[in-house]
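Chemist: Quick one: this structure, given as structure tokens, is what I'll be asking you about.
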Amino acid sequence: MDPLHPFYQKLQNSKNILLVKDDVGKAKQSVRELPNSNYSYGSKFKKDNEGAGAIISSWQVHNPTSHIETEKDFRKLNRMSLNQKLITPKQVSEFVKQNDIKVKEKRYRKNTTEGYRSFSGEYFGLRNKPSTPMDMVVCYGYANDAAEEKRKVYEEQLNISNKPISRPRGVKYTEKVESPVSKQDFKMKKFQMVGSKIAKVGN
């Protein structure tokens with residue numbers, strides 16, 4: 001379509017994204033009124049009062065959380081209402097409003113194992129495990145120990161297998177020699193009486 005044609009200009013000015021034509025290698029012209037090129041899009045960046053330098057050079061002491069009030073123990077309240085034979089929803093609702101039974105707060109149980117939590121000073125968390133000695137890793141110390149343990153296990157198993165079997169007194173063991181049995185070819189019962197039609201030729 002000729003860009004100078006009046007109909008083409010009418011389509012371009014129609015403000016309809018489906019009718020506006022684009023040029024080769026160029027995007028369609030916008031059908032909405034946009035601000036000028038000096039306008040900046042996006043939300044304004046909020047500057048933090050404390051910069052990276054202040055964070056690195058300072059240490060914030062831990063502030064323990066304040067005591068949070070526990071919620072009502074509805075399971076216990078429902079059981080109590082059933083014991084008092086309150087069945088209707090209105091009766092149960094009135095009973096819950098009149099009785100204020102809270103859920104028991106779970107207290108911290110001190111771990112008796114080696115990795116206990118230390119709350120002294122400003123240090124929190126679990127104790128780190130001791131570091132692995134690198135000389136044992138580099139010099140194949142653990143591999144040599146494992147190979148030595150395996151060698152001992154194999155020697156014990158070999159000694160057990162070579163021990164003579166103890167036989168109780170008064171019992172004689174005789175070796176059973178199986179008599180050689182001529183092995184016959186397998187045949188079905190209905191073909192056992194049928195002879196061979198091909199004579200066997202010797203070598």
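Ordering of the structure tokens sets the chain letters (A, B, ...); residue numbers start at 1 within each chain; ligands are numbered from 1 in the order shown.
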List the spatial neighbours of Thr70 (chain A) as an mmCIF file with C-alpha atoms, in the first residue's frame - criterion: any atom at most 10 Å away, only C-alpha atoms, same-chain residues fewer than 6 positions off excluded.
Modeler:
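Output below, filename out15.cif:
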data_model
loop_
_atom_site.group_PDB
_atom_site.id
_atom_site.type_symbol
_atom_site.label_atom_id
_atom_site.label_comp_id
_atom_site.auth_asym_id
_atom_site.auth_seq_id
_atom_site.Cartn_x
_atom_site.Cartn_y
_atom_site.Cartn_z
ATOM 1 C CA ILE A 101 -8.450 -21.126 78.311
ATOM 2 C CA LYS A 102 -5.193 -20.533 76.448
ATOM 3 C CA VAL A 103 -2.974 -22.985 74.616
ATOM 4 C CA LYS A 104 0.000 -24.026 76.726
ATOM 5 C CA GLU A 105 3.207 -22.378 75.562
#
Chemist: For region 31-34 of chain A, please output as a ChimeraX atom specification all residues within 7 Å (counting only C-alpha atoms; exclusion window: fewer than 3 positions along the same chain).
Modeler: /A:15-17
Chemist: Mind giving me the straight-line distance from CA of Gln9 (chain A) to CA of Lys28 (chain A) in Å, one decimal?
Modeler: 13.7 Å
